[in-house]
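Trainee: Data file query33.txt (compact mmCIF, C-alpha atoms) is appended below.
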```
# COMPACT_ATOMS: atom_id res chain seq x y z
CA MET N 1 82.17 110.68 97.09
CA ASN N 2 85.87 109.87 96.62
CA ILE N 3 86.78 111.71 99.85
CA PHE N 4 84.00 109.92 101.74
CA ARG N 5 85.06 106.56 100.35
CA THR N 6 88.70 107.20 101.26
CA ALA N 7 87.68 108.16 104.81
CA LEU N 8 85.70 104.93 105.14
CA LEU N 9 88.59 102.84 103.85
CA MET N 10 91.05 104.50 106.22
CA ALA N 11 88.65 103.91 109.10
CA ALA N 12 88.46 100.25 108.08
CA MET N 13 92.26 100.06 108.00
CA THR N 14 92.52 101.56 111.49
CA ALA N 15 89.81 99.25 112.86
CA LEU N 16 91.57 96.24 111.34
CA PHE N 17 94.83 97.30 112.93
CA MET N 18 93.25 97.63 116.38
CA ALA N 19 91.41 94.31 116.01
CA VAL N 20 94.59 92.44 115.12
CA GLY N 21 96.39 94.04 118.07
CA ALA N 22 93.62 92.97 120.44
CA LEU N 23 93.54 89.40 119.11
CA ILE N 24 97.28 88.97 119.40
CA GLY N 25 97.97 90.54 122.77
CA GLY N 26 94.67 91.56 124.30
CA GLN N 27 94.30 95.09 125.60
CA THR N 28 97.95 95.34 126.60
CA GLY N 29 99.17 94.15 123.23
CA MET N 30 96.83 96.52 121.43
CA ALA N 31 98.04 99.46 123.52
CA ILE N 32 101.69 98.66 122.82
CA ALA N 33 101.08 98.16 119.11
CA LEU N 34 99.06 101.37 118.91
CA THR N 35 101.89 103.29 120.58
CA ILE N 36 104.39 101.90 118.09
CA ALA N 37 102.08 102.71 115.17
CA LEU N 38 101.55 106.28 116.36
CA ALA N 39 105.30 106.78 116.68
CA THR N 40 105.80 105.32 113.20
CA ASN N 41 103.09 107.56 111.76
CA LEU N 42 104.61 110.61 113.41
CA PHE N 43 108.01 109.79 111.96
CA ALA N 44 106.46 109.14 108.54
CA TYR N 45 104.53 112.43 108.69
CA TRP N 46 107.71 114.47 109.07
CA ASN N 47 110.23 112.40 107.13
CA ALA N 48 108.54 110.14 104.54
CA ASP N 49 109.05 112.59 101.67
CA LYS N 50 112.79 112.91 102.34
CA LEU N 51 113.17 109.13 102.63
CA VAL N 52 111.36 108.42 99.35
CA LEU N 53 113.31 111.06 97.43
CA LYS N 54 116.57 109.71 98.83
CA MET N 55 115.48 106.15 98.02
CA TYR N 56 115.17 107.08 94.33
CA LYS N 57 118.30 109.28 94.35
CA ALA N 58 116.25 112.26 93.24
CA ARG N 59 118.10 115.55 92.81
CA GLU N 60 116.43 118.89 93.33
CA VAL N 61 116.57 121.19 90.32
CA THR N 62 116.10 124.93 89.89
CA ALA N 63 115.25 127.16 86.96
CA ARG N 64 118.95 127.20 86.13
CA ASP N 65 119.21 123.38 85.97
CA ALA N 66 115.89 122.52 84.31
CA PRO N 67 114.23 125.75 83.17
CA GLU N 68 111.42 124.18 81.14
CA LEU N 69 110.32 121.67 83.79
CA VAL N 70 110.49 124.20 86.63
CA SER N 71 108.57 126.75 84.55
CA ILE N 72 105.85 124.17 83.81
CA VAL N 73 105.45 123.28 87.48
CA GLU N 74 105.39 126.92 88.61
CA GLN N 75 102.73 127.86 86.04
CA LEU N 76 100.57 124.89 86.99
CA ALA N 77 100.94 125.67 90.69
CA VAL N 78 99.52 129.13 90.02
CA LYS N 79 96.57 127.60 88.16
CA ALA N 80 95.99 125.12 90.98
CA GLN N 81 96.34 127.88 93.59
CA LEU N 82 99.13 125.99 95.35
CA PRO N 83 102.48 127.08 96.79
CA TYR N 84 105.42 126.33 94.49
CA PRO N 85 106.58 122.79 95.22
CA LYS N 86 110.18 121.64 95.05
CA VAL N 87 111.04 119.98 91.75
CA TYR N 88 113.18 116.86 91.45
CA ILE N 89 114.58 114.80 88.59
CA ILE N 90 115.34 111.09 88.95
CA GLU N 91 118.01 109.54 86.74
CA ASN N 92 115.96 106.55 85.63
CA PRO N 93 115.10 105.37 82.10
CA GLN N 94 111.61 104.25 83.11
CA PRO N 95 109.13 107.04 82.27
CA ASN N 96 107.29 107.89 85.48
CA ALA N 97 106.58 110.57 88.07
CA PHE N 98 105.30 111.01 91.62
CA ALA N 99 104.48 113.62 94.25
CA THR N 100 105.29 113.57 97.93
CA GLY N 101 105.09 115.80 101.00
CA ARG N 102 102.92 116.05 104.11
CA ASN N 103 101.02 119.14 102.89
CA PRO N 104 100.93 121.66 100.01
CA GLU N 105 103.43 123.88 101.84
CA ASN N 106 105.99 121.06 101.97
CA ALA N 107 105.34 119.30 98.69
CA ALA N 108 107.67 118.01 96.01
CA VAL N 109 107.14 116.61 92.53
CA ALA N 110 109.58 114.31 90.80
CA ALA N 111 109.92 113.15 87.19
CA THR N 112 112.29 110.60 85.73
CA THR N 113 114.67 111.36 82.89
CA GLY N 114 112.82 108.67 80.95
CA LEU N 115 109.59 110.65 81.18
CA LEU N 116 111.21 113.92 80.12
CA LYS N 117 112.68 112.23 77.05
CA LEU N 118 109.49 110.42 76.06
CA LEU N 119 106.75 113.05 76.42
CA ASN N 120 106.14 116.33 74.61
CA ARG N 121 105.57 119.57 76.51
CA ALA N 122 101.76 119.29 76.66
CA GLU N 123 102.01 115.74 78.02
CA ILE N 124 104.62 116.74 80.62
CA GLU N 125 102.31 119.57 81.71
CA ALA N 126 99.45 117.08 82.06
CA VAL N 127 101.54 114.68 84.15
CA MET N 128 102.78 117.44 86.43
CA ALA N 129 99.18 118.67 86.78
CA HIS N 130 98.20 115.13 87.86
CA GLU N 131 100.93 115.18 90.51
CA LEU N 132 99.90 118.62 91.74
CA ALA N 133 96.35 117.27 91.97
CA HIS N 134 97.63 114.71 94.46
CA VAL N 135 99.17 117.57 96.44
CA LYS N 136 95.99 119.65 96.25
CA ASN N 137 93.86 116.69 97.38
CA ARG N 138 96.39 115.87 100.14
CA ASP N 139 96.72 112.34 98.79
CA THR N 140 100.43 112.23 99.59
CA LEU N 141 99.70 112.31 103.33
CA THR N 142 96.80 109.88 103.01
CA MET N 143 98.88 107.32 101.14
CA THR N 144 101.79 107.67 103.55
CA LEU N 145 99.54 106.97 106.52
CA THR N 146 97.77 104.01 104.91
CA ALA N 147 101.09 102.49 103.88
CA THR N 148 102.36 102.92 107.44
CA ILE N 149 99.25 101.31 108.98
CA ALA N 150 99.43 98.46 106.47
CA GLY N 151 103.05 97.91 107.43
CA ALA N 152 102.13 97.95 111.12
CA ILE N 153 99.43 95.33 110.52
CA SER N 154 101.94 93.09 108.75
CA MET N 155 104.35 93.56 111.66
CA LEU N 156 101.65 92.60 114.14
CA ALA N 157 100.73 89.56 112.08
CA GLN N 158 104.32 88.34 112.06
CA PHE N 159 104.49 88.88 115.81
CA GLY N 160 101.29 86.89 116.28
CA LEU N 161 102.50 84.00 114.13
CA PHE N 162 105.78 83.89 116.04
CA PHE N 163 104.23 83.89 119.52
CA GLY N 164 100.97 82.12 118.73
CA GLY N 165 98.63 84.99 119.52
CA ASN N 166 96.33 85.50 122.48
CA ARG N 167 94.94 82.10 123.48
CA ASN N 168 92.23 83.61 125.69
CA ASN N 169 90.22 85.48 123.05
CA ALA N 170 86.81 84.30 121.87
CA LEU N 171 88.15 82.95 118.57
CA GLY N 172 90.64 80.59 120.15
CA LEU N 173 94.19 79.93 119.00
CA MET N 174 93.31 78.68 115.51
CA GLY N 175 90.96 81.59 114.92
CA THR N 176 93.63 84.05 115.97
CA LEU N 177 96.22 82.46 113.69
CA LEU N 178 93.74 82.58 110.79
CA ILE N 179 93.10 86.29 111.45
CA VAL N 180 96.79 87.21 111.59
CA ILE N 181 97.36 85.36 108.31
CA LEU N 182 94.44 87.06 106.54
CA ALA N 183 94.84 90.52 108.12
CA PRO N 184 97.86 91.63 106.03
CA LEU N 185 96.00 90.53 102.91
CA ALA N 186 92.95 92.55 103.93
CA ALA N 187 95.13 95.56 104.75
CA MET N 188 96.78 95.37 101.34
CA MET N 189 93.38 95.20 99.64
CA VAL N 190 92.20 98.32 101.50
CA GLN N 191 95.43 100.15 100.70
CA MET N 192 95.11 99.30 97.02
CA ALA N 193 91.47 100.41 96.97
CA ILE N 194 92.45 103.79 98.42
CA SER N 195 95.25 104.13 95.86
CA ARG N 196 92.96 103.44 92.91
CA THR N 197 90.33 105.85 94.24
CA ARG N 198 92.87 108.65 94.55
CA GLU N 199 94.32 108.02 91.06
CA TYR N 200 90.93 108.55 89.42
CA ALA N 201 90.44 111.75 91.41
CA ALA N 202 93.93 113.03 90.52
CA ASP N 203 93.34 112.33 86.83
CA LYS N 204 90.16 114.41 86.92
CA THR N 205 91.64 117.28 88.94
CA GLY N 206 94.88 117.21 86.94
CA ALA N 207 92.97 117.44 83.66
CA GLU N 208 91.08 120.44 85.04
CA ILE N 209 94.31 122.13 86.16
CA CYS N 210 96.09 121.79 82.82
CA GLY N 211 92.87 122.18 80.81
CA ASN N 212 93.79 119.33 78.47
CA PRO N 213 92.33 115.90 79.38
CA MET N 214 93.52 114.31 76.14
CA ALA N 215 97.13 115.35 76.77
CA LEU N 216 96.94 113.42 80.04
CA ALA N 217 95.31 110.48 78.25
CA SER N 218 98.12 110.51 75.68
CA ALA N 219 100.74 110.70 78.43
CA LEU N 220 99.20 107.77 80.33
CA ASN N 221 99.23 105.68 77.16
CA LYS N 222 102.89 106.46 76.45
CA LEU N 223 103.94 105.94 80.07
CA HIS N 224 102.13 102.62 80.28
CA GLN N 225 103.92 101.36 77.18
CA GLY N 226 107.24 102.66 78.46
CA VAL N 227 106.89 101.09 81.90
CA VAL N 228 106.10 97.68 80.41
CA ILE N 229 109.43 97.53 78.59
CA THR N 230 111.64 99.38 81.11
CA HIS N 231 112.85 97.89 84.39
CA ASN N 232 112.86 100.11 87.48
CA GLU N 233 115.28 98.47 89.89
CA ALA N 234 114.69 100.94 92.72
CA ALA N 235 110.91 100.43 92.58
CA GLU N 236 111.25 96.64 92.44
CA LYS N 237 113.35 96.79 95.62
CA ASN N 238 110.75 99.03 97.32
CA PRO N 239 107.32 97.84 96.12
CA ALA N 240 105.56 99.64 99.00
CA THR N 241 106.21 102.92 97.14
CA ALA N 242 104.56 101.75 93.89
CA HIS N 243 101.28 103.50 94.70
CA MET N 244 103.01 106.90 94.61
CA PHE N 245 103.77 106.81 90.88
CA ILE N 246 101.39 107.95 88.15
CA ILE N 247 101.83 104.53 86.50
CA ASN N 248 102.58 101.35 88.46
CA PRO N 249 106.38 100.99 88.12
CA LEU N 250 106.36 97.26 88.89
CA ARG N 251 106.35 94.66 86.17
CA GLY N 252 103.68 91.96 86.14
CA MET N 253 100.96 94.36 87.43
CA ARG N 254 99.21 95.01 84.13
CA PHE N 255 95.61 94.31 85.13
CA ASP N 256 93.17 95.94 87.49
CA ASN N 257 92.44 93.60 90.37
CA LEU N 258 92.34 93.70 94.15
CA PHE N 259 96.13 93.67 94.33
CA SER N 260 96.90 96.40 91.81
CA THR N 261 97.84 99.84 93.10
CA HIS N 262 96.51 101.54 89.97
CA PRO N 263 93.35 101.38 87.87
CA ARG N 264 93.60 99.99 84.36
CA VAL N 265 95.10 102.56 82.00
CA GLU N 266 92.25 101.94 79.55
CA GLU N 267 89.69 102.87 82.20
CA ARG N 268 91.58 106.02 83.10
CA ILE N 269 91.77 107.02 79.43
CA ASP N 270 88.04 106.31 79.05
CA ARG N 271 87.24 108.74 81.86
CA LEU N 272 89.54 111.42 80.48
CA SER N 273 88.08 110.92 77.00
CA GLY N 274 84.64 111.38 78.50
CA MET N 275 85.74 114.69 80.01
CA ALA N 276 86.91 115.81 76.56
CA GLY N 277 83.88 114.39 74.75
CA ARG N 278 86.01 111.91 72.82
CA GLY N 279 85.72 108.17 72.13
CA SER N 280 86.74 105.18 74.21
CA ALA N 281 90.24 104.18 75.26
CA HIS N 282 90.23 101.43 72.63
CA GLN N 283 89.53 103.95 69.86
CA PHE N 284 92.06 106.40 71.28
CA MET N 285 94.85 103.82 71.54
CA ASN N 286 94.12 102.47 68.07
CA GLN N 287 94.37 105.99 66.68
CA ARG N 288 97.69 106.42 68.45
CA GLU N 289 98.99 103.26 66.78
CA ILE N 290 97.85 104.51 63.36
CA GLU N 291 99.58 107.86 63.89
CA ARG N 292 102.76 106.13 65.07
CA SER N 293 102.72 103.88 62.01
CA ARG N 294 102.28 106.84 59.63
CA THR N 295 105.11 108.72 61.33
CA SER N 296 107.47 105.77 61.01
CA ARG N 297 106.69 105.49 57.27
CA ARG N 298 107.39 109.17 56.63
CA GLY N 299 110.96 108.98 57.87
CA PRO N 300 112.86 111.77 59.62
CA TRP N 301 112.27 114.33 56.90
CA GLY N 302 108.52 113.72 56.44
```
Output the file's structure as structure tokens, nothing else.
Mentor:
Amino acid sequence: MNIFRTALLMAAMTALFMAVGALIGGQTGMAIALTIALATNLFAYWNADKLVLKMYKAREVTARDAPELVSIVEQLAVKAQLPYPKVYIIENPQPNAFATGRNPENAAVAATTGLLKLLNRAEIEAVMAHELAHVKNRDTLTMTLTATIAGAISMLAQFGLFFGGNRNNALGLMGTLLIVILAPLAAMMVQMAISRTREYAADKTGAEICGNPMALASALNKLHQGVVITHNEAAEKNPATAHMFIINPLRGMRFDNLFSTHPRVEERIDRLSGMAGRGSAHQFMNQREIERSRTSRRGPWG
């Protein structure tokens, strides 16, 4: 169902793109815009992963540099029946992670130093399993293409506002201007819907890969709390990449609505708890608070 829904949403995004092109420049304008979009998609297909990793100043690590992290990823890749991806570390205090790459053979996973400091081994395994799930489901390519189409629609809309659109279409000038104003909003809504759909699927597949749904639930809870209090300057400068992360890295996006790239953490924990036969997210998070309180009372020596 998730794959079918994603296909429908991508078809809607493509149809919206073509409709905006036709309204702004007629058949000629649509053909030109489509050519530009295809060229952009082709470039993104081959180079998006390198650009994103460079954007976040990620450094590739080997078993010599980060033996525990590389070992975790390699073991999970075997379980997921995937080729070994490249492993990167990002020097950033915000706890987060993402995957990128056009296919499983050219995939990479990246984790921030903040994540590696915050989570225990089981939770790191669960997060890396989530990222490998994105690779296995080919979400990295899907999200790159939808982001590119959404950007192309915004570009077309700006072009239409600047030149006034195609005055000879059935909607008239005012109708065209209304469409080019609303089209980027609609494209963003579709893009966000695809992102949320793929996050749920990656949570499920990731939990199956690592075999520990509650470790992923615990990691999501910790990451959510960490993101809220930690600024990610690189992500704030490049909000179009927010959908790639396991937790939305942008501040002020703490609720699940049409403009959020991620589902509510509570809902994701609920689903993972259901897989493990546990209680709700509210019960889980309350229990975490109780455990944290008891730990703080014990002191460093118990």
Trainee: Please give the centre and size of the box around stretch 79-88 of chain N (axis-aligned, containing every atom listed in the file, 6 Å added per side), with values in Å to one decimal and written as JSON.
Mentor:
```
{"center_x": 104.6, "center_y": 122.4, "center_z": 92.5, "size_x": 29.2, "size_y": 23.0, "size_z": 20.6}
```
Trainee: Of the candidates N:Asn47, N:Ala19, N:Thr112, N:Gln75, which shows the shortest atom-to-atom distance to N:Arg59, using all atoms listed in the file?
Mentor: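 Residue with the minimum atom-to-atom distance to N:Arg59: N:Thr112.
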Trainee: Could you name the residues that touch N:Leu250 at 12 Å or less, counting all atoms listed in the file, but leaving out those on the same chain fewer than 4 positions away, as an mmCIF file with C-alpha atoms, in the coordinates of the input?
Mentor:
```
data_model
loop_
_atom_site.group_PDB
_atom_site.id
_atom_site.type_symbol
_atom_site.label_atom_id
_atom_site.label_comp_id
_atom_site.auth_asym_id
_atom_site.auth_seq_id
_atom_site.Cartn_x
_atom_site.Cartn_y
_atom_site.Cartn_z
ATOM 1 C CA GLN N 94 111.610 104.250 83.110
ATOM 2 C CA ASN N 96 107.290 107.890 85.480
ATOM 3 C CA HIS N 224 102.130 102.620 80.280
ATOM 4 C CA GLY N 226 107.240 102.660 78.460
ATOM 5 C CA VAL N 227 106.890 101.090 81.900
ATOM 6 C CA VAL N 228 106.100 97.680 80.410
ATOM 7 C CA ILE N 229 109.430 97.530 78.590
ATOM 8 C CA THR N 230 111.640 99.380 81.110
ATOM 9 C CA HIS N 231 112.850 97.890 84.390
ATOM 10 C CA ASN N 232 112.860 100.110 87.480
ATOM 11 C CA GLU N 233 115.280 98.470 89.890
ATOM 12 C CA ALA N 234 114.690 100.940 92.720
ATOM 13 C CA ALA N 235 110.910 100.430 92.580
ATOM 14 C CA GLU N 236 111.250 96.640 92.440
ATOM 15 C CA LYS N 237 113.350 96.790 95.620
ATOM 16 C CA ASN N 238 110.750 99.030 97.320
ATOM 17 C CA PRO N 239 107.320 97.840 96.120
ATOM 18 C CA ALA N 240 105.560 99.640 99.000
ATOM 19 C CA THR N 241 106.210 102.920 97.140
ATOM 20 C CA ALA N 242 104.560 101.750 93.890
ATOM 21 C CA HIS N 243 101.280 103.500 94.700
ATOM 22 C CA MET N 244 103.010 106.900 94.610
ATOM 23 C CA PHE N 245 103.770 106.810 90.880
ATOM 24 C CA ILE N 246 101.390 107.950 88.150
ATOM 25 C CA ARG N 254 99.210 95.010 84.130
ATOM 26 C CA PHE N 255 95.610 94.310 85.130
ATOM 27 C CA SER N 260 96.900 96.400 91.810
ATOM 28 C CA THR N 261 97.840 99.840 93.100
ATOM 29 C CA HIS N 262 96.510 101.540 89.970
#
```
Trainee: Need to verify the contact set: N:Arg102, 8 Å, only C-alpha atoms, exclusion of same-chain residues closer than 4 positions in sequence. Can you return it as a short mmCIF file (atom, residue, chain, number, x, y, z; two decimals) with C-alpha atoms, in the coordinates of the input?
Mentor:
```cif
data_model
loop_
_atom_site.label_atom_id
_atom_site.label_comp_id
_atom_site.auth_asym_id
_atom_site.auth_seq_id
_atom_site.Cartn_x
_atom_site.Cartn_y
_atom_site.Cartn_z
CA TYR N 45 104.53 112.43 108.69
CA TRP N 46 107.71 114.47 109.07
CA ASP N 49 109.05 112.59 101.67
CA ASN N 106 105.99 121.06 101.97
CA ALA N 107 105.34 119.30 98.69
CA ARG N 138 96.39 115.87 100.14
CA THR N 140 100.43 112.23 99.59
CA LEU N 141 99.70 112.31 103.33
#
```
Trainee: Rounded to one decimal place, report the atom CA of N:Asp203-atom CA of N:Leu51 distance in Å.
Mentor: 25.6 Å
Trainee: Just the residues within 8 Å of N:Glu131, please, counting only C-alpha atoms, with nothing from its chain fewer than 2 positions along; format it as a PDB file with C-alpha atoms, in the frame of the given file.
Mentor:
```
ATOM      1  CA  ALA N  97     106.580 110.570  88.070  1.00  0.00           C
ATOM      2  CA  PHE N  98     105.300 111.010  91.620  1.00  0.00           C
ATOM      3  CA  ALA N  99     104.480 113.620  94.250  1.00  0.00           C
ATOM      4  CA  VAL N 109     107.140 116.610  92.530  1.00  0.00           C
ATOM      5  CA  VAL N 127     101.540 114.680  84.150  1.00  0.00           C
ATOM      6  CA  MET N 128     102.780 117.440  86.430  1.00  0.00           C
ATOM      7  CA  ALA N 129      99.180 118.670  86.780  1.00  0.00           C
ATOM      8  CA  ALA N 133      96.350 117.270  91.970  1.00  0.00           C
ATOM      9  CA  HIS N 134      97.630 114.710  94.460  1.00  0.00           C
ATOM     10  CA  VAL N 135      99.170 117.570  96.440  1.00  0.00           C
ATOM     11  CA  ALA N 202      93.930 113.030  90.520  1.00  0.00           C
ATOM     12  CA  GLY N 206      94.880 117.210  86.940  1.00  0.00           C
ATOM     13  CA  ILE N 246     101.390 107.950  88.150  1.00  0.00           C
TER      14      ILE N 246
END
```
Trainee: When you draw a straight line from atom CA of N:Ala108 to atom CA of N:Leu223, how long is it in Å?
Mentor: 20.3 Å
Trainee: Please return, as a PDB file with C-alpha atoms, keeping the file's coordinate frame, all polymer residues that have at least one atom within 9 Å of the point (112.2, 118.3, 89.6); use all atoms listed in the file and the file's own coordinate frame.
Mentor:
```pdb
ATOM      1  CA  ALA N  58     116.250 112.260  93.240  1.00  0.00           C
ATOM      2  CA  ARG N  59     118.100 115.550  92.810  1.00  0.00           C
ATOM      3  CA  GLU N  60     116.430 118.890  93.330  1.00  0.00           C
ATOM      4  CA  VAL N  61     116.570 121.190  90.320  1.00  0.00           C
ATOM      5  CA  THR N  62     116.100 124.930  89.890  1.00  0.00           C
ATOM      6  CA  ALA N  66     115.890 122.520  84.310  1.00  0.00           C
ATOM      7  CA  LEU N  69     110.320 121.670  83.790  1.00  0.00           C
ATOM      8  CA  VAL N  70     110.490 124.200  86.630  1.00  0.00           C
ATOM      9  CA  VAL N  73     105.450 123.280  87.480  1.00  0.00           C
ATOM     10  CA  LYS N  86     110.180 121.640  95.050  1.00  0.00           C
ATOM     11  CA  VAL N  87     111.040 119.980  91.750  1.00  0.00           C
ATOM     12  CA  TYR N  88     113.180 116.860  91.450  1.00  0.00           C
ATOM     13  CA  ILE N  89     114.580 114.800  88.590  1.00  0.00           C
ATOM     14  CA  ILE N  90     115.340 111.090  88.950  1.00  0.00           C
ATOM     15  CA  ALA N 108     107.670 118.010  96.010  1.00  0.00           C
ATOM     16  CA  VAL N 109     107.140 116.610  92.530  1.00  0.00           C
ATOM     17  CA  ALA N 110     109.580 114.310  90.800  1.00  0.00           C
ATOM     18  CA  ALA N 111     109.920 113.150  87.190  1.00  0.00           C
ATOM     19  CA  THR N 112     112.290 110.600  85.730  1.00  0.00           C
TER      20      THR N 112
END
```
Trainee: For atom CA of N:Thr197 and atom CA of N:Ile72, determine how far apart the two atoms are, in Å to one decimal place.
Mentor: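 Distance reported for this atom pair: 26.2 Å.
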Trainee: Please provide the set of residues having any atom within 8 Å of N:Ala80, restricted to all atoms listed in the file, with same-chain residues fewer than 2 positions apart removed, written as a ChimeraX atom specification.
Mentor: /N:76-78,82,132-133,136,209
Trainee: Tell me which of N:Thr100, N:Gly21, N:Ala15, N:Arg64 sits closest to N:Lys50, counting all atoms listed in the file.
Mentor: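 Smallest separation from N:Lys50 among the options: N:Thr100.
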Trainee: Please list as a list in words every residue within 8 Å of N:Ala126, counting all atoms listed in the file and excluding residues in the same chain fewer than 2 positions away.
Mentor: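 After dropping sequence-adjacent residues, the list is Ala122, Glu123, Ile124, Met128, Ala129, His130, Gly206, Ala207, Cys210, Asn212, Pro213, Ala215, Leu216 and Ala219 of chain N.
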Trainee: Using all atoms listed in the file, which of the listed residues (N:Lys204, N:Glu105, N:Arg264, N:Asp65) sits closest to N:Pro83?
Mentor: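 Of all the options, N:Glu105 lies closest to N:Pro83.
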